[in-house]
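Pasting query_17.cif here (mmCIF, C-alpha atoms):
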```
data_final
loop_
_atom_site.label_atom_id
_atom_site.label_comp_id
_atom_site.auth_asym_id
_atom_site.auth_seq_id
_atom_site.Cartn_x
_atom_site.Cartn_y
_atom_site.Cartn_z
CA MET L 1 -3.43 23.16 -19.61
CA ASN L 2 -0.09 21.37 -19.19
CA LYS L 3 0.67 17.67 -18.89
CA THR L 4 3.65 16.53 -16.81
CA VAL L 5 4.78 12.91 -16.52
CA PHE L 6 6.64 11.37 -13.56
CA GLU L 7 8.03 7.92 -12.97
CA ILE L 8 7.27 6.76 -9.40
CA SER L 9 9.58 3.78 -8.83
CA LYS L 10 8.01 2.74 -5.50
CA MET L 11 4.39 3.07 -6.65
CA ASP L 12 3.78 -0.66 -6.76
CA CYS L 13 0.25 -0.94 -5.35
CA PRO L 14 -2.94 1.16 -5.21
CA SER L 15 -2.28 2.43 -1.68
CA GLU L 16 0.64 4.50 -3.02
CA GLU L 17 -1.74 5.99 -5.58
CA ASN L 18 -4.06 7.11 -2.80
CA LEU L 19 -1.14 8.54 -0.79
CA ILE L 20 -0.21 10.70 -3.77
CA ARG L 21 -3.84 11.75 -4.32
CA MET L 22 -4.18 12.82 -0.68
CA LYS L 23 -0.83 14.63 -0.70
CA LEU L 24 -1.77 16.68 -3.76
CA ASP L 25 -5.39 17.22 -2.80
CA GLY L 26 -6.40 20.87 -3.10
CA MET L 27 -3.11 22.10 -4.61
CA THR L 28 -3.36 25.26 -6.70
CA GLY L 29 -3.34 24.60 -10.44
CA LEU L 30 -3.90 20.85 -10.20
CA VAL L 31 -6.59 19.62 -12.61
CA HIS L 32 -6.35 15.84 -12.80
CA LEU L 33 -4.11 12.86 -11.97
CA GLU L 34 -3.75 9.71 -14.07
CA PHE L 35 -2.02 6.63 -12.62
CA ASP L 36 -0.45 3.73 -14.49
CA ILE L 37 0.53 1.45 -11.59
CA PRO L 38 2.01 -1.47 -13.61
CA ASN L 39 4.40 0.91 -15.38
CA ARG L 40 4.78 3.18 -12.32
CA ILE L 41 3.82 6.30 -14.26
CA LEU L 42 1.99 9.36 -12.92
CA THR L 43 0.58 11.92 -15.35
CA VAL L 44 -0.38 15.30 -13.89
CA PHE L 45 -2.67 17.70 -15.72
CA HIS L 46 -2.23 21.21 -14.36
CA HIS L 47 -2.27 24.94 -15.01
CA GLY L 48 0.88 26.96 -14.44
CA GLY L 49 4.16 25.62 -13.09
CA ILE L 50 4.84 22.16 -11.69
CA ASP L 51 7.40 23.04 -8.98
CA SER L 52 5.10 22.93 -5.94
CA ILE L 53 3.43 19.72 -7.13
CA GLU L 54 6.80 18.08 -7.81
CA LYS L 55 8.07 19.08 -4.36
CA SER L 56 5.01 17.54 -2.67
CA ILE L 57 5.45 14.27 -4.58
CA ASP L 58 9.16 14.16 -3.64
CA GLU L 59 8.25 14.55 0.07
CA LEU L 60 6.57 11.11 0.01
CA ASN L 61 9.94 9.46 -0.82
CA LEU L 62 8.42 7.15 -3.42
CA GLY L 63 11.33 7.48 -5.83
CA SER L 64 9.78 10.10 -8.12
CA THR L 65 11.59 11.15 -11.31
CA PHE L 66 10.50 13.97 -13.62
CA LEU L 67 10.18 12.66 -17.19
CA SER L 68 8.56 15.34 -19.35
CA THR L 69 6.18 18.26 -19.52
CA GLU L 70 4.21 19.61 -22.48
CA THR L 71 1.10 21.54 -23.38
CA SER L 72 -1.88 19.18 -23.30
CA VAL L 73 -4.27 18.99 -26.25
CA GLN L 74 -6.77 17.20 -24.04
CA THR L 75 -9.77 19.41 -23.24
CA GLU L 76 -11.98 16.97 -21.31
CA ILE L 77 -11.06 15.05 -18.19
CA LYS L 78 -13.20 12.03 -17.44
CA GLU L 79 -13.70 11.43 -13.73
CA HIS L 80 -14.76 8.07 -12.36
CA THR L 81 -17.84 8.46 -10.21
CA ASN L 82 -17.60 5.00 -8.67
CA GLN L 83 -14.27 5.69 -6.93
CA LYS L 84 -15.82 5.88 -3.46
CA LYS L 85 -17.58 2.52 -3.89
CA VAL L 86 -14.36 0.91 -5.11
CA LEU L 87 -12.41 2.30 -2.15
CA TRP L 88 -14.98 0.83 0.26
CA ILE L 89 -14.57 -2.60 -1.39
CA VAL L 90 -10.77 -2.66 -1.18
CA LEU L 91 -10.89 -1.24 2.35
CA ALA L 92 -13.20 -4.09 3.39
CA ILE L 93 -10.93 -6.71 1.77
CA ASN L 94 -7.77 -5.34 3.40
CA PHE L 95 -9.30 -4.90 6.85
CA THR L 96 -10.83 -8.40 6.75
CA PHE L 97 -7.43 -9.89 5.99
CA PHE L 98 -5.80 -7.75 8.68
CA ILE L 99 -8.09 -9.44 11.23
CA LEU L 100 -7.69 -12.89 9.67
CA GLU L 101 -3.89 -12.74 9.51
CA MET L 102 -3.54 -11.22 12.98
CA ILE L 103 -5.67 -13.95 14.59
CA THR L 104 -4.10 -16.84 12.65
CA GLY L 105 -0.62 -15.34 13.16
CA LEU L 106 -1.04 -15.24 16.93
CA VAL L 107 -2.60 -18.71 17.07
CA SER L 108 0.02 -20.29 14.79
CA LYS L 109 2.88 -18.33 16.46
CA SER L 110 3.91 -16.83 13.11
CA MET L 111 5.44 -13.35 13.20
CA GLY L 112 5.41 -13.34 9.40
CA LEU L 113 1.61 -13.47 9.37
CA VAL L 114 1.35 -10.90 12.18
CA ALA L 115 3.65 -8.52 10.26
CA ASP L 116 1.73 -9.05 7.03
CA SER L 117 -1.51 -8.31 8.85
CA LEU L 118 -0.09 -4.91 9.83
CA ASP L 119 0.83 -4.32 6.19
CA MET L 120 -2.82 -5.00 5.33
CA LEU L 121 -3.82 -2.58 8.09
CA ALA L 122 -1.50 0.05 6.60
CA ASP L 123 -3.31 -0.19 3.26
CA SER L 124 -6.64 -0.04 5.11
CA PHE L 125 -5.52 3.21 6.76
CA VAL L 126 -4.69 4.73 3.37
CA TYR L 127 -8.04 3.76 1.85
CA GLY L 128 -9.84 4.85 5.01
CA ILE L 129 -8.17 8.27 5.05
CA SER L 130 -9.06 8.65 1.37
CA LEU L 131 -12.71 7.97 2.17
CA PHE L 132 -13.20 9.86 5.41
CA ALA L 133 -11.20 12.91 4.34
CA VAL L 134 -13.28 13.39 1.17
CA GLY L 135 -15.00 16.74 1.38
CA GLY L 136 -13.31 17.50 4.68
CA SER L 137 -10.88 20.25 5.53
CA LEU L 138 -7.13 19.99 5.10
CA VAL L 139 -6.74 20.14 8.88
CA ARG L 140 -9.06 17.15 9.31
CA LYS L 141 -7.14 15.13 6.73
CA LYS L 142 -3.85 15.87 8.49
CA GLN L 143 -5.27 14.91 11.89
CA ILE L 144 -6.52 11.55 10.60
CA ALA L 145 -3.20 10.85 8.84
CA LYS L 146 -1.19 11.68 11.97
CA LEU L 147 -3.31 9.40 14.17
CA ALA L 148 -3.12 6.52 11.68
CA GLY L 149 0.62 6.94 11.15
CA TYR L 150 1.56 6.94 14.83
CA PHE L 151 -0.74 4.01 15.59
CA GLN L 152 0.82 1.98 12.79
CA MET L 153 4.31 2.93 13.98
CA PHE L 154 3.43 1.83 17.53
CA LEU L 155 2.20 -1.59 16.33
CA ALA L 156 5.36 -2.08 14.26
CA VAL L 157 7.61 -1.30 17.25
CA VAL L 158 5.67 -3.79 19.39
CA GLY L 159 6.21 -6.33 16.61
CA PHE L 160 9.97 -5.67 16.53
CA VAL L 161 10.17 -6.20 20.30
CA GLU L 162 8.34 -9.53 20.01
CA VAL L 163 10.61 -10.68 17.17
CA LEU L 164 13.67 -9.82 19.27
CA ARG L 165 12.21 -11.68 22.25
CA ARG L 166 11.69 -14.78 20.14
CA PHE L 167 15.18 -14.58 18.64
CA LEU L 168 16.73 -14.49 22.12
CA GLY L 169 14.26 -16.75 23.93
CA ALA L 170 12.96 -20.28 23.63
CA GLU L 171 12.11 -21.42 20.13
CA HIS L 172 8.42 -21.42 19.20
CA LEU L 173 7.98 -23.30 15.94
CA PRO L 174 5.21 -21.70 13.86
CA ASN L 175 2.56 -23.79 12.15
CA PHE L 176 3.95 -23.77 8.62
CA SER L 177 0.76 -25.03 6.96
CA THR L 178 -1.26 -22.13 8.43
CA MET L 179 1.39 -19.69 7.22
CA ILE L 180 1.18 -21.03 3.69
CA VAL L 181 -2.61 -21.34 3.43
CA ILE L 182 -3.36 -17.87 4.85
CA SER L 183 -0.62 -16.25 2.74
CA VAL L 184 -2.03 -17.84 -0.42
CA LEU L 185 -5.45 -16.40 0.47
CA ALA L 186 -3.86 -12.98 1.14
CA LEU L 187 -2.06 -13.24 -2.20
CA ILE L 188 -5.40 -13.75 -3.94
CA ALA L 189 -6.93 -10.85 -1.97
CA ASN L 190 -4.12 -8.45 -2.96
CA GLY L 191 -4.42 -9.46 -6.60
CA LEU L 192 -8.18 -8.95 -6.39
CA CYS L 193 -7.78 -5.44 -4.91
CA LEU L 194 -5.37 -4.41 -7.64
CA TYR L 195 -7.70 -5.86 -10.28
CA ILE L 196 -10.76 -4.06 -8.91
CA LEU L 197 -8.98 -0.70 -8.70
CA GLN L 198 -7.41 -1.02 -12.12
CA LYS L 199 -10.65 -2.24 -13.73
CA SER L 200 -12.60 0.69 -12.31
CA LYS L 201 -10.55 3.15 -14.35
CA SER L 202 -11.52 2.01 -17.84
CA LYS L 203 -12.98 -0.97 -19.65
CA GLU L 204 -9.82 -1.27 -21.72
CA GLU L 205 -7.85 -2.11 -18.57
CA ALA L 206 -10.30 -4.75 -17.34
CA HIS L 207 -8.34 -7.70 -18.70
CA MET L 208 -5.21 -7.45 -16.65
CA LYS L 209 -2.04 -9.33 -17.39
CA ALA L 210 -0.61 -11.51 -14.65
CA SER L 211 2.48 -9.31 -14.54
CA MET L 212 0.33 -6.40 -13.35
CA ILE L 213 -0.63 -8.28 -10.21
CA PHE L 214 2.97 -9.10 -9.41
CA THR L 215 4.05 -5.48 -9.52
CA SER L 216 2.54 -5.15 -6.06
CA ASN L 217 4.93 -5.07 -3.10
CA ASP L 218 2.16 -6.65 -1.02
CA VAL L 219 2.18 -9.71 -3.26
CA ILE L 220 5.95 -10.05 -2.91
CA ILE L 221 5.49 -10.03 0.87
CA ASN L 222 2.86 -12.79 0.61
CA LEU L 223 5.26 -14.90 -1.45
CA GLY L 224 7.97 -14.25 1.15
CA VAL L 225 5.77 -15.58 3.97
CA ILE L 226 4.96 -18.68 1.87
CA VAL L 227 8.68 -19.34 1.31
CA ALA L 228 9.34 -18.76 5.03
CA GLY L 229 6.64 -21.31 5.88
CA LEU L 230 8.30 -23.90 3.67
CA LEU L 231 11.71 -23.17 5.24
CA VAL L 232 10.23 -23.46 8.75
CA HIS L 233 9.07 -26.96 7.81
CA TRP L 234 12.25 -28.06 6.06
CA LEU L 235 14.71 -26.60 8.61
CA ASN L 236 12.52 -27.23 11.68
CA SER L 237 13.37 -23.69 12.82
CA ASN L 238 11.44 -20.51 13.52
CA LYS L 239 14.24 -18.30 12.17
CA PRO L 240 12.86 -17.97 8.60
CA ASP L 241 9.55 -16.77 10.05
CA LEU L 242 11.29 -14.23 12.29
CA ILE L 243 13.44 -12.96 9.41
CA ILE L 244 10.48 -12.38 7.08
CA GLY L 245 8.59 -10.81 9.99
CA THR L 246 11.44 -8.36 10.58
CA ILE L 247 11.57 -7.42 6.89
CA VAL L 248 7.82 -6.78 6.75
CA PHE L 249 7.88 -4.73 9.98
CA VAL L 250 10.50 -2.49 8.33
CA LEU L 251 8.15 -2.01 5.38
CA VAL L 252 5.29 -1.24 7.78
CA VAL L 253 7.39 1.47 9.46
CA GLN L 254 8.17 2.95 6.03
CA GLY L 255 4.45 2.94 5.25
CA ALA L 256 3.68 4.66 8.56
CA TRP L 257 6.30 7.32 7.80
CA ARG L 258 4.67 8.02 4.43
CA ILE L 259 1.27 8.41 6.10
CA LEU L 260 2.82 10.83 8.59
CA LYS L 261 4.15 12.85 5.65
CA LEU L 262 0.51 13.63 4.82
CA SER L 263 0.07 15.31 8.21
CA LYS L 264 2.79 17.91 7.58
#
```

Encoded form using C-alpha cells:
Amino acid sequence: MNKTVFEISKMDCPSEENLIRMKLDGMTGLVHLEFDIPNRILTVFHHGGIDSIEKSIDELNLGSTFLSTETSVQTEIKEHTNQKKVLWIVLAINFTFFILEMITGLVSKSMGLVADSLDMLADSFVYGISLFAVGGSLVRKKQIAKLAGYFQMFLAVVGFVEVLRRFLGAEHLPNFSTMIVISVLALIANGLCLYILQKSKSKEEAHMKASMIFTSNDVIINLGVIVAGLLVHWLNSNKPDLIIGTIVFVLVVQGAWRILKLSK
C-alpha cells in the first residue's frame, strides 16, 4: 500500500473534506483518506498509481499540490463508525442557520445575512449529498450533486440581482444590531461544526486550538458581516452590507461550481 500526501490550500472547512470524499468515492485503488483541515493536508492511502486520484482532486479547483508519495508501513486503517451521525448533526446546524439567517436577513434588509445564509445552505448541500448518496450508485450521486449545484447557483444569481437593485435604487438601511447578533451566533455555530467533525476523528484532536476554528472560510465570512454591520452603523449607509453580500455571493457561486464538478 502507498501513502501520498497533498496540500489542499482551499480546504478550510469540513464541507471541502466531504467534497473530496464524494469526488474520490469508488475510485480504483483507493483505500483510505485522512484529512488534516487546520494544516490543509490530505493523505491518501492507495494501491497502484496516484495519477487518476490526483486528476480528480485537481478538478475540484481547491488548490491541490502534490507533496510526497511513499510505501506505507501502516497495515490497519481505522474507520470511524459514527461519521453518519456526525454528518446529521452538522447538517442540522447548518440548515437551521440557513433558515435563521435568511429570515432575519430579509426582515432586517441585510444582504450580508441573506448571502451568508446561502453559504450555510451550500454546506448543508454538501453534507446532505454525503448522507443521501451513501450506498447509492454513482449515477444517483451525480444527479443529486447536479440538482443541488444548479439550485445554489440560481439563488446566488437572484441575490446578485437584488444587490444590484439596491445599489442603484433607494437606500434601505439594514438593522446593524441584527446583523451583528445573528453573525455572532453563526460564528459560534461554524466553530461548533468544525469542533464536532474534528473531535469525531480521534480523542487526541478533541481539544482544539482556537486557531483551528479560524481556519474556516465560513468564520471569516461571519466576521466580515459583523464588520459590515458596524460600518453600516458608523457610516449610516447600506453600502458596506451590499459589498459584503456581493463578496459572499461570489463565494456561493464558487461553492456551487464545485458541487457541479461532482456531477461530471

Residues in the PyMOL selection byres ((chain L and resi 15) around 12), expressed as an mmCIF file with C-alpha atoms, in the coordinates of the input:
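Contents of result.cif, freshly written:
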```
data_model
loop_
_atom_site.group_PDB
_atom_site.id
_atom_site.type_symbol
_atom_site.label_atom_id
_atom_site.label_comp_id
_atom_site.auth_asym_id
_atom_site.auth_seq_id
_atom_site.Cartn_x
_atom_site.Cartn_y
_atom_site.Cartn_z
ATOM 1 C CA LYS L 10 8.010 2.740 -5.500
ATOM 2 C CA MET L 11 4.390 3.070 -6.650
ATOM 3 C CA ASP L 12 3.780 -0.660 -6.760
ATOM 4 C CA CYS L 13 0.250 -0.940 -5.350
ATOM 5 C CA PRO L 14 -2.940 1.160 -5.210
ATOM 6 C CA GLU L 16 0.640 4.500 -3.020
ATOM 7 C CA GLU L 17 -1.740 5.990 -5.580
ATOM 8 C CA ASN L 18 -4.060 7.110 -2.800
ATOM 9 C CA LEU L 19 -1.140 8.540 -0.790
ATOM 10 C CA ILE L 20 -0.210 10.700 -3.770
ATOM 11 C CA ARG L 21 -3.840 11.750 -4.320
ATOM 12 C CA MET L 22 -4.180 12.820 -0.680
ATOM 13 C CA PHE L 35 -2.020 6.630 -12.620
ATOM 14 C CA ILE L 37 0.530 1.450 -11.590
ATOM 15 C CA LEU L 62 8.420 7.150 -3.420
ATOM 16 C CA LEU L 87 -12.410 2.300 -2.150
ATOM 17 C CA VAL L 90 -10.770 -2.660 -1.180
ATOM 18 C CA LEU L 91 -10.890 -1.240 2.350
ATOM 19 C CA ASN L 94 -7.770 -5.340 3.400
ATOM 20 C CA ASP L 119 0.830 -4.320 6.190
ATOM 21 C CA MET L 120 -2.820 -5.000 5.330
ATOM 22 C CA LEU L 121 -3.820 -2.580 8.090
ATOM 23 C CA ALA L 122 -1.500 0.050 6.600
ATOM 24 C CA ASP L 123 -3.310 -0.190 3.260
ATOM 25 C CA SER L 124 -6.640 -0.040 5.110
ATOM 26 C CA PHE L 125 -5.520 3.210 6.760
ATOM 27 C CA VAL L 126 -4.690 4.730 3.370
ATOM 28 C CA TYR L 127 -8.040 3.760 1.850
ATOM 29 C CA GLY L 128 -9.840 4.850 5.010
ATOM 30 C CA ILE L 129 -8.170 8.270 5.050
ATOM 31 C CA SER L 130 -9.060 8.650 1.370
ATOM 32 C CA ASN L 190 -4.120 -8.450 -2.960
ATOM 33 C CA CYS L 193 -7.780 -5.440 -4.910
ATOM 34 C CA LEU L 194 -5.370 -4.410 -7.640
ATOM 35 C CA LEU L 197 -8.980 -0.700 -8.700
ATOM 36 C CA SER L 216 2.540 -5.150 -6.060
ATOM 37 C CA ASN L 217 4.930 -5.070 -3.100
ATOM 38 C CA ASP L 218 2.160 -6.650 -1.020
ATOM 39 C CA GLY L 255 4.450 2.940 5.250
ATOM 40 C CA ARG L 258 4.670 8.020 4.430
ATOM 41 C CA ILE L 259 1.270 8.410 6.100
#
```

Rounded to one decimal place, report the CA of Val73 in chain L-CA of Pro38 in chain L distance in Å.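 So the two atoms, CA of Val73 in chain L and CA of Pro38 in chain L, lie 24.9 Å apart.
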
One-decimal distance in Å that lies between CA of Lys84 in chain L and CA of Met1 in chain L: 26.7 Å

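Atom to atom, CA of Gly29 in chain L and CA of Lys85 in chain L stand 27.1 Å apart.
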
Check the smallest atom-to-atom distance from each of L:Lys55, L:Lys239, L:Arg40, L:Lys3 to Leu168 in chain L using only C-alpha atoms, then report the winner.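 The answer is L:Lys239, which sits nearest to Leu168 in chain L.
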
I want to know what sits within 9 Å of Ile57 in chain L, based on all atoms listed in the file, with residues of the same chain fewer than 4 positions away left out; could you give that as a PDB file with C-alpha atoms, in the frame of the given file?
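Output saved as around-v2.pdb:
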```pdb
ATOM      1  CA  ILE L  20      -0.210  10.700  -3.770  1.00  0.00           C
ATOM      2  CA  LYS L  23      -0.830  14.630  -0.700  1.00  0.00           C
ATOM      3  CA  LEU L  24      -1.770  16.680  -3.760  1.00  0.00           C
ATOM      4  CA  SER L  52       5.100  22.930  -5.940  1.00  0.00           C
ATOM      5  CA  ILE L  53       3.430  19.720  -7.130  1.00  0.00           C
ATOM      6  CA  ASN L  61       9.940   9.460  -0.820  1.00  0.00           C
ATOM      7  CA  LEU L  62       8.420   7.150  -3.420  1.00  0.00           C
ATOM      8  CA  SER L  64       9.780  10.100  -8.120  1.00  0.00           C
TER       9      SER L  64
END
```

Taking the file as I've supplied it (selection: the PyMOL selection byres ((chain L and resi 175-189) around 8)), which residues are included? Please answer as a PyMOL selection string. chain L and resi 93-94+97+101+104-105+108-110+112-113+173-174+190-193+218-219+222-223+225-226+229-230+232-233

Would you mind telling me which residue in L:Phe151, L:Phe160, L:Phe6, L:Phe98 lies nearest to Glu54 in chain L when using only C-alpha atoms?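 Residue with the minimum atom-to-atom distance to Glu54 in chain L: L:Phe6.
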
Nearest to Thr246 in chain L, chosen from L:Ala115, L:Leu67, L:Val107, L:Ala148, with all atoms listed in the file counted in the distances: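 Distance minimum relative to Thr246 in chain L lands on L:Ala115.
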
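Across L:Ile244, L:Ala256, L:Ile103, L:Val227, the tightest approach to Phe154 in chain L is made by L:Ala256 when counting all atoms listed in the file.
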
Which of L:His172, L:His46, L:Glu7, L:Leu30 sits closest to Met111 in chain L [using all atoms listed in the file]: L:His172

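Comparing the minimum interatomic distances between Val253 in chain L and each of L:Met102, L:Leu33, L:Met27, L:Val158, counting all atoms listed in the file, we find that L:Val158 sits nearest.
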